[in-house]
2 protein chains.
Amino acid sequence: MPDEFLRVSRRALTAGIAASLMAGDALAQEPPPRDPLPSWRDGPAKRAIFTAIRRSVRDGTPDRVPPAERVAVFDNDGTLWVEQPLYTQFAFAIDRLKEMAARDPALLQRPILKAAVDGDMRAVMAGGERGLAEIIAVTHAGMSQAEFQRIVTQWLSTARHPRFNRPYTQLIYQPMLEVMRLLRREGFAVWIVTGGGQEFVRAFSAPTYAVPIDRVVGSVGKTEFRLGADRSSELFRLPEAEAVDDGPGKPVGIGRFIGQRPQIAFGNSDGDIEMLQYATTGRGARLGMFVHHDDAAREFAYDRDTHIGRLDRGLTLAPQWGWPLISMKNDWLRVFP
Amino acid sequence: MPDEFLRVSRRALTAGIAASLMAGDALAQEPPPRDPLPSWRDGPAKRAIFTAIRRSVRDGTPDRVPPAERVAVFDNDGTLWVEQPLYTQFAFAIDRLKEMAARDPALLQRPILKAAVDGDMRAVMAGGERGLAEIIAVTHAGMSQAEFQRIVTQWLSTARHPRFNRPYTQLIYQPMLEVMRLLRREGFAVWIVTGGGQEFVRAFSAPTYAVPIDRVVGSVGKTEFRLGADRSSELFRLPEAEAVDDGPGKPVGIGRFIGQRPQIAFGNSDGDIEMLQYATTGRGARLGMFVHHDDAAREFAYDRDTHIGRLDRGLTLAPQWGWPLISMKNDWLRVFP
């Protein structure tokens, strides 16, 4: 039965790939793979993905979505790459703070900054949101957008994850890359909708995920247009938040950037609940899924009881809303590329 | 000499079209036109457009911009469509206000709303920005994004311009459509960056300009994610401004949505100055242009002395910054499609 299902899926998907080839989709110009999701074990999660895509693209059915309206959204931290033991962007902030403090020791007179540099995460967490905002403001503002891009790119090229000892951009989930590629082949616009910093994620989204920078929606600080005396111009990053793209901020960001309701949404934490709710109401085939981190051996195991990427209310809502969980342990044949 | 130039341009451009055809650009799959800008009279404006594009796309030159980084931005009101005697969006607001007042006469107890319904534009203008904001809040908020889209689409299908007696979406500038099409063929991402409302322009950008809704940057009000008891969900429009995409707000919006500096920018008023400055600083071929409304016979003639779309400081800056003016009267063989 599963084999029969896969055969049918494969036929439908191959037909879709052929159609997109004829439509001139450059990304589809590799030979069609036999199984578009080779890193997924056959099971309800994989089947849910195939079913939603097939229903959305198959000609002559009421659920068919015209290509211009096919939209899929992905959270980043914990959905596309590792977020434990610390959000990557926060590891960046601490490294940058250390570098800044080496040049300007006066920074360490501010208790929260000293705690961060000393690795005293309890003190940092005790500072709450205000403390985190202070660290972000010091490390993420006071330069142009272009300069910030250069700083992040440089950091990503040298920093290593403390457990896996690999660059962070290699700690991405191969099965999710396959889903993104399949969706693109089937005509979906694939967006990242992250609670992380928009410019931070833009620094690696294109080479890492094949998601262009103008398809990254994230949290942003204010910027200011500045004109130099030499007639140069730049966008300068101010130490002030403008939009937080998390929780209900995610559908708001989707509305502002994408301008239409996605049909498919992937997340992994309570911050993605509203995005999944927004994507999975409305007519036609709709799919919301949580990546469930239940694989301590190959990655990490956490859900209701964690400081980063907590999946608590979401675990309760998932069966009520019909959101299949993706078990990292059981559904993924491999985790990293 | 101009003929020789055009011949060379045409060769280069045709080669570019062939290249983009091979790259699978669906939009380029019409037969290449002989002159990609047939509604433009040969002159410095037309030549400046050809030169900037040719320098940006020609292989093996230091100015060449990789296709993924080719970005062109267009203002909307007065650059792509008629903005006199009243911004189209404001005409929409007044019509909607009349309709709302017919159902709820209590609205007319608010002096600024009564003035707008009565067509007393002097009183409306005397109300300044606060008055305009009140009119916009009443007419543009209090419904979902989807409902607002429907209201605008419906209005656009019936409303007529007071002078030309044609639907507003037909009062677009044919020469600018040709520039947008040429840029797309040469691999540029074409964006609209408007001081007008983002959702308002999204209601017609795709069928009118072939600009998809996710390539429209504009002024926005706050929205709120709302979940219905029946598990429906929507983005609800609140009567509060969030971002004004005008003047220095234009490069800020470009940074937030596009995430990179455009090479080419078209505007028509002082509100576009910063956008042109942002686009025309930096390495490589760069082009900023103002549409100059100097054609009272076929459209309107106005620049320094007008309430809508004033081009005053911009007229002074244009020669200093090397921004060629587009004379509607002399450079355009025809105005509307």
# chains A, B, ... in the order shown; residues from 1 in each chain; ligands from 1
call {"tool": "interface_residues", "arguments": {"of": "chain A", "to": "chain B", "cutoff": "8 Å", "atoms": "only C-alpha atoms", "output": "PyMOL selection string"}}
result
chain A and resi 23-26+199+213-214+223-225+231-235+248-249+251-252+255+257-259+274+277-278+281-282
call {"tool": "select_by_dssp", "arguments": {"residues": "stretch 28-143 of chain A", "states": "strand (DSSP E)", "output": "list of chain:residue names"}}
result
A:Val71, A:Ala72, A:Val73, A:Phe74
call {"tool": "write_last_selection", "arguments": {"atoms": "C-alpha atoms", "output": "PDB file, in the first residue's frame"}}
result
ATOM      1  CA  VAL A  71       3.499  29.735  -1.355  1.00  0.00           C
ATOM      2  CA  ALA A  72       5.330  27.694   1.285  1.00  0.00           C
ATOM      3  CA  VAL A  73       6.921  29.179   4.388  1.00  0.00           C
ATOM      4  CA  PHE A  74       9.647  27.797   6.626  1.00  0.00           C
TER       5      PHE A  74
END
call {"tool": "atom_distance", "arguments": {"atom1": "atom CA of B:Gly195", "atom2": "atom CA of A:Phe200"}}
result
27.3 Å
call {"tool": "atom_distance", "arguments": {"atom1": "atom CA of B:Met289", "atom2": "atom CA of B:Asp270"}}
result
12.0 Å
call {"tool": "select_by_dssp", "arguments": {"residues": "stretch 103-303 of chain A", "states": "alpha helix (DSSP H)", "output": "number ranges by chain"}}
result
A: 103, 111-117, 121-126, 128-140, 145-158, 174-185, 198-202, 205-209, 249-257, 273-279
call {"tool": "write_last_selection", "arguments": {"atoms": "C-alpha atoms", "output": "PDB file, in the first residue's frame"}}
result
ATOM      1  CA  ARG A 103      39.144  46.698  21.359  1.00  0.00           C
ATOM      2  CA  PRO A 111      26.961  44.023  33.632  1.00  0.00           C
ATOM      3  CA  ILE A 112      24.914  42.242  30.993  1.00  0.00           C
ATOM      4  CA  LEU A 113      27.688  42.577  28.423  1.00  0.00           C
ATOM      5  CA  LYS A 114      30.271  41.299  30.913  1.00  0.00           C
ATOM      6  CA  ALA A 115      28.065  38.316  31.729  1.00  0.00           C
ATOM      7  CA  ALA A 116      27.730  37.484  28.032  1.00  0.00           C
ATOM      8  CA  VAL A 117      31.470  37.737  27.408  1.00  0.00           C
ATOM      9  CA  MET A 121      24.333  32.448  30.573  1.00  0.00           C
ATOM     10  CA  ARG A 122      22.343  32.359  33.819  1.00  0.00           C
ATOM     11  CA  ALA A 123      23.064  36.032  34.375  1.00  0.00           C
ATOM     12  CA  VAL A 124      22.286  36.789  30.740  1.00  0.00           C
ATOM     13  CA  MET A 125      18.963  34.963  30.938  1.00  0.00           C
ATOM     14  CA  ALA A 126      18.187  36.674  34.254  1.00  0.00           C
ATOM     15  CA  GLY A 128      15.374  38.953  30.419  1.00  0.00           C
ATOM     16  CA  GLU A 129      14.348  40.587  27.176  1.00  0.00           C
ATOM     17  CA  ARG A 130      15.870  43.935  28.101  1.00  0.00           C
ATOM     18  CA  GLY A 131      19.242  42.308  28.622  1.00  0.00           C
ATOM     19  CA  LEU A 132      19.068  40.456  25.329  1.00  0.00           C
ATOM     20  CA  ALA A 133      17.973  43.626  23.560  1.00  0.00           C
ATOM     21  CA  GLU A 134      21.019  45.420  24.988  1.00  0.00           C
ATOM     22  CA  ILE A 135      23.359  42.731  23.687  1.00  0.00           C
ATOM     23  CA  ILE A 136      21.700  42.788  20.270  1.00  0.00           C
ATOM     24  CA  ALA A 137      21.754  46.589  20.089  1.00  0.00           C
ATOM     25  CA  VAL A 138      25.491  46.745  20.849  1.00  0.00           C
ATOM     26  CA  THR A 139      26.463  43.974  18.459  1.00  0.00           C
ATOM     27  CA  HIS A 140      23.944  44.412  15.644  1.00  0.00           C
ATOM     28  CA  GLN A 145      23.571  47.045   6.271  1.00  0.00           C
ATOM     29  CA  ALA A 146      26.365  46.197   3.842  1.00  0.00           C
ATOM     30  CA  GLU A 147      28.965  46.231   6.624  1.00  0.00           C
ATOM     31  CA  PHE A 148      26.744  44.049   8.818  1.00  0.00           C
ATOM     32  CA  GLN A 149      26.425  41.560   5.975  1.00  0.00           C
ATOM     33  CA  ARG A 150      30.201  41.420   5.693  1.00  0.00           C
ATOM     34  CA  ILE A 151      30.612  40.892   9.463  1.00  0.00           C
ATOM     35  CA  VAL A 152      28.100  38.032   9.534  1.00  0.00           C
ATOM     36  CA  THR A 153      29.510  36.375   6.420  1.00  0.00           C
ATOM     37  CA  GLN A 154      33.008  36.537   7.868  1.00  0.00           C
ATOM     38  CA  TRP A 155      31.854  35.065  11.185  1.00  0.00           C
ATOM     39  CA  LEU A 156      29.943  32.233   9.522  1.00  0.00           C
ATOM     40  CA  SER A 157      33.045  31.276   7.558  1.00  0.00           C
ATOM     41  CA  THR A 158      35.057  30.629  10.731  1.00  0.00           C
ATOM     42  CA  GLN A 174      18.994  17.609   4.550  1.00  0.00           C
ATOM     43  CA  PRO A 175      15.369  16.353   4.591  1.00  0.00           C
ATOM     44  CA  MET A 176      14.088  19.933   4.735  1.00  0.00           C
ATOM     45  CA  LEU A 177      16.348  20.970   1.851  1.00  0.00           C
ATOM     46  CA  GLU A 178      14.682  18.204  -0.150  1.00  0.00           C
ATOM     47  CA  VAL A 179      11.222  19.501   0.734  1.00  0.00           C
ATOM     48  CA  MET A 180      12.188  23.032  -0.300  1.00  0.00           C
ATOM     49  CA  ARG A 181      13.589  21.782  -3.586  1.00  0.00           C
ATOM     50  CA  LEU A 182      10.518  19.673  -4.292  1.00  0.00           C
ATOM     51  CA  LEU A 183       8.225  22.605  -3.559  1.00  0.00           C
ATOM     52  CA  ARG A 184      10.174  24.875  -5.894  1.00  0.00           C
ATOM     53  CA  ARG A 185      10.002  22.256  -8.610  1.00  0.00           C
ATOM     54  CA  GLN A 198      16.285  39.306   8.727  1.00  0.00           C
ATOM     55  CA  GLU A 199      19.719  40.587   7.694  1.00  0.00           C
ATOM     56  CA  PHE A 200      21.476  37.862   9.654  1.00  0.00           C
ATOM     57  CA  VAL A 201      19.626  35.141   7.760  1.00  0.00           C
ATOM     58  CA  ARG A 202      20.023  36.973   4.457  1.00  0.00           C
ATOM     59  CA  SER A 205      20.078  32.103   2.816  1.00  0.00           C
ATOM     60  CA  ALA A 206      20.952  32.026  -0.887  1.00  0.00           C
ATOM     61  CA  PRO A 207      24.046  29.768  -0.832  1.00  0.00           C
ATOM     62  CA  THR A 208      22.706  27.626   2.031  1.00  0.00           C
ATOM     63  CA  TYR A 209      19.042  27.136   1.175  1.00  0.00           C
ATOM     64  CA  GLY A 249       4.195  38.667  14.188  1.00  0.00           C
ATOM     65  CA  LYS A 250       4.781  35.855  11.696  1.00  0.00           C
ATOM     66  CA  PRO A 251       1.445  36.070   9.863  1.00  0.00           C
ATOM     67  CA  VAL A 252       1.753  39.860  10.027  1.00  0.00           C
ATOM     68  CA  GLY A 253       5.191  39.615   8.382  1.00  0.00           C
ATOM     69  CA  ILE A 254       3.805  37.190   5.813  1.00  0.00           C
ATOM     70  CA  GLY A 255       1.070  39.662   4.943  1.00  0.00           C
ATOM     71  CA  ARG A 256       3.510  42.495   4.606  1.00  0.00           C
ATOM     72  CA  PHE A 257       6.129  40.683   2.525  1.00  0.00           C
ATOM     73  CA  ILE A 273       1.785  28.409  15.947  1.00  0.00           C
ATOM     74  CA  GLU A 274       0.148  31.485  14.431  1.00  0.00           C
ATOM     75  CA  MET A 275       2.010  30.974  11.147  1.00  0.00           C
ATOM     76  CA  LEU A 276       0.684  27.421  10.935  1.00  0.00           C
ATOM     77  CA  GLN A 277      -2.817  28.576  11.878  1.00  0.00           C
ATOM     78  CA  TYR A 278      -2.709  31.226   9.174  1.00  0.00           C
ATOM     79  CA  ALA A 279      -1.486  28.762   6.554  1.00  0.00           C
TER      80      ALA A 279
END
call {"tool": "residues_around", "arguments": {"residues": "A:Ala301", "least_positions_apart": "6", "cutoff": "12 Å", "atoms": "only C-alpha atoms", "output": "list in words"}}
result
Gly78, Val82, Glu83, Gln84, Pro85, Val291, His292, His293, Asp294, Asp295, Ile308, Gly309, Arg310, Leu311, Ser327, Met328 and Lys329 of chain A
call {"tool": "residues_around", "arguments": {"residues": "stretch 159-163 of chain B", "least_positions_apart": "6", "cutoff": "12 Å", "atoms": "only C-alpha atoms", "output": "PDB file with N, CA and C atoms, in the first residue's frame"}}
result
ATOM      1  N   TRP B  81       1.632  55.664 -13.528  1.00  0.00           N
ATOM      2  CA  TRP B  81       0.263  56.033 -13.919  1.00  0.00           C
ATOM      3  C   TRP B  81      -0.032  57.473 -13.495  1.00  0.00           C
ATOM      4  N   VAL B  82      -1.152  57.985 -13.991  1.00  0.00           N
ATOM      5  CA  VAL B  82      -1.557  59.372 -13.770  1.00  0.00           C
ATOM      6  C   VAL B  82      -1.807  59.624 -12.283  1.00  0.00           C
ATOM      7  N   GLU B  83      -1.347  60.779 -11.789  1.00  0.00           N
ATOM      8  CA  GLU B  83      -1.598  61.111 -10.383  1.00  0.00           C
ATOM      9  C   GLU B  83      -2.407  62.396 -10.229  1.00  0.00           C
ATOM     10  N   GLN B  84      -2.664  63.085 -11.334  1.00  0.00           N
ATOM     11  CA  GLN B  84      -3.449  64.321 -11.277  1.00  0.00           C
ATOM     12  C   GLN B  84      -4.883  64.061 -11.710  1.00  0.00           C
ATOM     13  N   PRO B  85      -5.866  64.814 -11.290  1.00  0.00           N
ATOM     14  CA  PRO B  85      -5.754  65.941 -10.366  1.00  0.00           C
ATOM     15  C   PRO B  85      -5.696  65.519  -8.901  1.00  0.00           C
ATOM     16  N   LEU B  86      -5.744  64.188  -8.635  1.00  0.00           N
ATOM     17  CA  LEU B  86      -5.829  63.675  -7.279  1.00  0.00           C
ATOM     18  C   LEU B  86      -5.207  62.283  -7.315  1.00  0.00           C
ATOM     19  N   TYR B  87      -4.390  61.954  -6.306  1.00  0.00           N
ATOM     20  CA  TYR B  87      -3.903  60.579  -6.223  1.00  0.00           C
ATOM     21  C   TYR B  87      -5.082  59.624  -6.358  1.00  0.00           C
ATOM     22  N   THR B  88      -4.930  58.601  -7.167  1.00  0.00           N
ATOM     23  CA  THR B  88      -6.016  57.650  -7.384  1.00  0.00           C
ATOM     24  C   THR B  88      -6.506  57.059  -6.067  1.00  0.00           C
ATOM     25  N   GLN B  89      -5.567  56.787  -5.184  1.00  0.00           N
ATOM     26  CA  GLN B  89      -5.966  56.190  -3.911  1.00  0.00           C
ATOM     27  C   GLN B  89      -6.844  57.142  -3.101  1.00  0.00           C
ATOM     28  N   ALA B  91      -8.887  59.362  -4.514  1.00  0.00           N
ATOM     29  CA  ALA B  91     -10.195  59.290  -5.173  1.00  0.00           C
ATOM     30  C   ALA B  91     -10.970  58.079  -4.664  1.00  0.00           C
ATOM     31  N   PHE B  92     -10.249  56.973  -4.490  1.00  0.00           N
ATOM     32  CA  PHE B  92     -10.871  55.769  -3.917  1.00  0.00           C
ATOM     33  C   PHE B  92     -11.413  56.047  -2.516  1.00  0.00           C
ATOM     34  N   ALA B  93     -10.593  56.730  -1.697  1.00  0.00           N
ATOM     35  CA  ALA B  93     -10.991  56.998  -0.312  1.00  0.00           C
ATOM     36  C   ALA B  93     -12.268  57.834  -0.273  1.00  0.00           C
ATOM     37  N   ILE B  94     -12.353  58.822  -1.144  1.00  0.00           N
ATOM     38  CA  ILE B  94     -13.539  59.690  -1.136  1.00  0.00           C
ATOM     39  C   ILE B  94     -14.774  58.928  -1.597  1.00  0.00           C
ATOM     40  N   ASP B  95     -14.624  58.137  -2.661  1.00  0.00           N
ATOM     41  CA  ASP B  95     -15.770  57.337  -3.116  1.00  0.00           C
ATOM     42  C   ASP B  95     -16.235  56.380  -2.028  1.00  0.00           C
ATOM     43  N   ARG B  96     -15.266  55.787  -1.354  1.00  0.00           N
ATOM     44  CA  ARG B  96     -15.628  54.831  -0.301  1.00  0.00           C
ATOM     45  C   ARG B  96     -16.292  55.538   0.878  1.00  0.00           C
ATOM     46  N   ILE B 151     -12.491  45.126  -1.986  1.00  0.00           N
ATOM     47  CA  ILE B 151     -13.084  46.464  -2.101  1.00  0.00           C
ATOM     48  C   ILE B 151     -12.343  47.293  -3.160  1.00  0.00           C
ATOM     49  N   VAL B 152     -11.027  47.244  -3.133  1.00  0.00           N
ATOM     50  CA  VAL B 152     -10.239  48.032  -4.091  1.00  0.00           C
ATOM     51  C   VAL B 152     -10.446  47.507  -5.510  1.00  0.00           C
ATOM     52  N   THR B 153     -10.405  46.189  -5.655  1.00  0.00           N
ATOM     53  CA  THR B 153     -10.575  45.601  -6.989  1.00  0.00           C
ATOM     54  C   THR B 153     -11.921  45.997  -7.575  1.00  0.00           C
ATOM     55  N   THR B 169      -6.702  52.043 -14.261  1.00  0.00           N
ATOM     56  CA  THR B 169      -5.664  51.076 -14.642  1.00  0.00           C
ATOM     57  C   THR B 169      -5.360  51.118 -16.146  1.00  0.00           C
ATOM     58  N   GLN B 170      -6.112  51.920 -16.886  1.00  0.00           N
ATOM     59  CA  GLN B 170      -5.732  52.132 -18.292  1.00  0.00           C
ATOM     60  C   GLN B 170      -4.915  53.399 -18.454  1.00  0.00           C
ATOM     61  N   LEU B 171      -4.835  54.193 -17.406  1.00  0.00           N
ATOM     62  CA  LEU B 171      -4.083  55.453 -17.491  1.00  0.00           C
ATOM     63  C   LEU B 171      -2.653  55.236 -16.992  1.00  0.00           C
ATOM     64  N   ILE B 172      -2.059  54.192 -17.510  1.00  0.00           N
ATOM     65  CA  ILE B 172      -0.675  53.849 -17.203  1.00  0.00           C
ATOM     66  C   ILE B 172       0.164  54.251 -18.408  1.00  0.00           C
ATOM     67  N   ALA B 297      -1.101  68.803 -22.995  1.00  0.00           N
ATOM     68  CA  ALA B 297      -2.047  68.371 -24.027  1.00  0.00           C
ATOM     69  C   ALA B 297      -2.423  66.910 -23.839  1.00  0.00           C
ATOM     70  N   ARG B 298      -1.440  66.058 -23.678  1.00  0.00           N
ATOM     71  CA  ARG B 298      -1.745  64.625 -23.604  1.00  0.00           C
ATOM     72  C   ARG B 298      -1.938  64.131 -22.175  1.00  0.00           C
ATOM     73  N   GLU B 299      -1.325  64.847 -21.196  1.00  0.00           N
ATOM     74  CA  GLU B 299      -1.498  64.412 -19.805  1.00  0.00           C
ATOM     75  C   GLU B 299      -1.615  65.651 -18.930  1.00  0.00           C
ATOM     76  N   PHE B 300      -0.593  65.981 -18.141  1.00  0.00           N
ATOM     77  CA  PHE B 300      -0.638  67.182 -17.314  1.00  0.00           C
ATOM     78  C   PHE B 300       0.747  67.810 -17.335  1.00  0.00           C
TER      79      PHE B 300
END
call {"tool": "residues_around", "arguments": {"residues": "A:Gly267", "least_positions_apart": "3", "cutoff": "6 Å", "atoms": "only C-alpha atoms", "output": "list in words"}}
result
Asp75, Thr79, Asp272 and Phe290 of chain A
call {"tool": "write_last_selection", "arguments": {"atoms": "C-alpha atoms", "output": "mmCIF file, in the first residue's frame"}}
result
data_model
loop_
_atom_site.group_PDB
_atom_site.id
_atom_site.type_symbol
_atom_site.label_atom_id
_atom_site.label_comp_id
_atom_site.auth_asym_id
_atom_site.auth_seq_id
_atom_site.Cartn_x
_atom_site.Cartn_y
_atom_site.Cartn_z
ATOM 1 C CA ASP A 75 10.797 28.878 10.036
ATOM 2 C CA THR A 79 13.242 23.957 11.411
ATOM 3 C CA ASP A 272 5.332 29.166 14.781
ATOM 4 C CA PHE A 290 6.241 20.804 13.239
#
call {"tool": "closest_residue", "arguments": {"among": "B:Phe90, B:Tyr173, B:Phe50, B:Phe164", "to": "B:Pro337", "atoms": "only C-alpha atoms"}}
result
B:Tyr173
call {"tool": "residues_around", "arguments": {"residues": "B:Asn330", "least_positions_apart": "4", "cutoff": "10 Å", "atoms": "only C-alpha atoms", "output": "PyMOL selection string"}}
result
chain B and resi 40-43+45+294-295+326+334
call {"tool": "write_last_selection", "arguments": {"atoms": "C-alpha atoms", "output": "compact mmCIF listing (two decimals), in the first residue's frame"}}
result
# COMPACT_ATOMS: atom_id res chain seq x y z
CA TRP B 40 10.19 56.26 -27.05
CA ARG B 41 11.53 58.86 -29.47
CA ASP B 42 15.26 58.53 -29.99
CA GLY B 43 16.98 60.99 -27.68
CA ALA B 45 16.50 59.65 -22.28
CA ASP B 294 5.51 68.70 -19.29
CA ASP B 295 2.69 67.61 -21.55
CA ILE B 326 12.24 62.09 -19.20
CA ARG B 334 2.55 57.98 -27.02
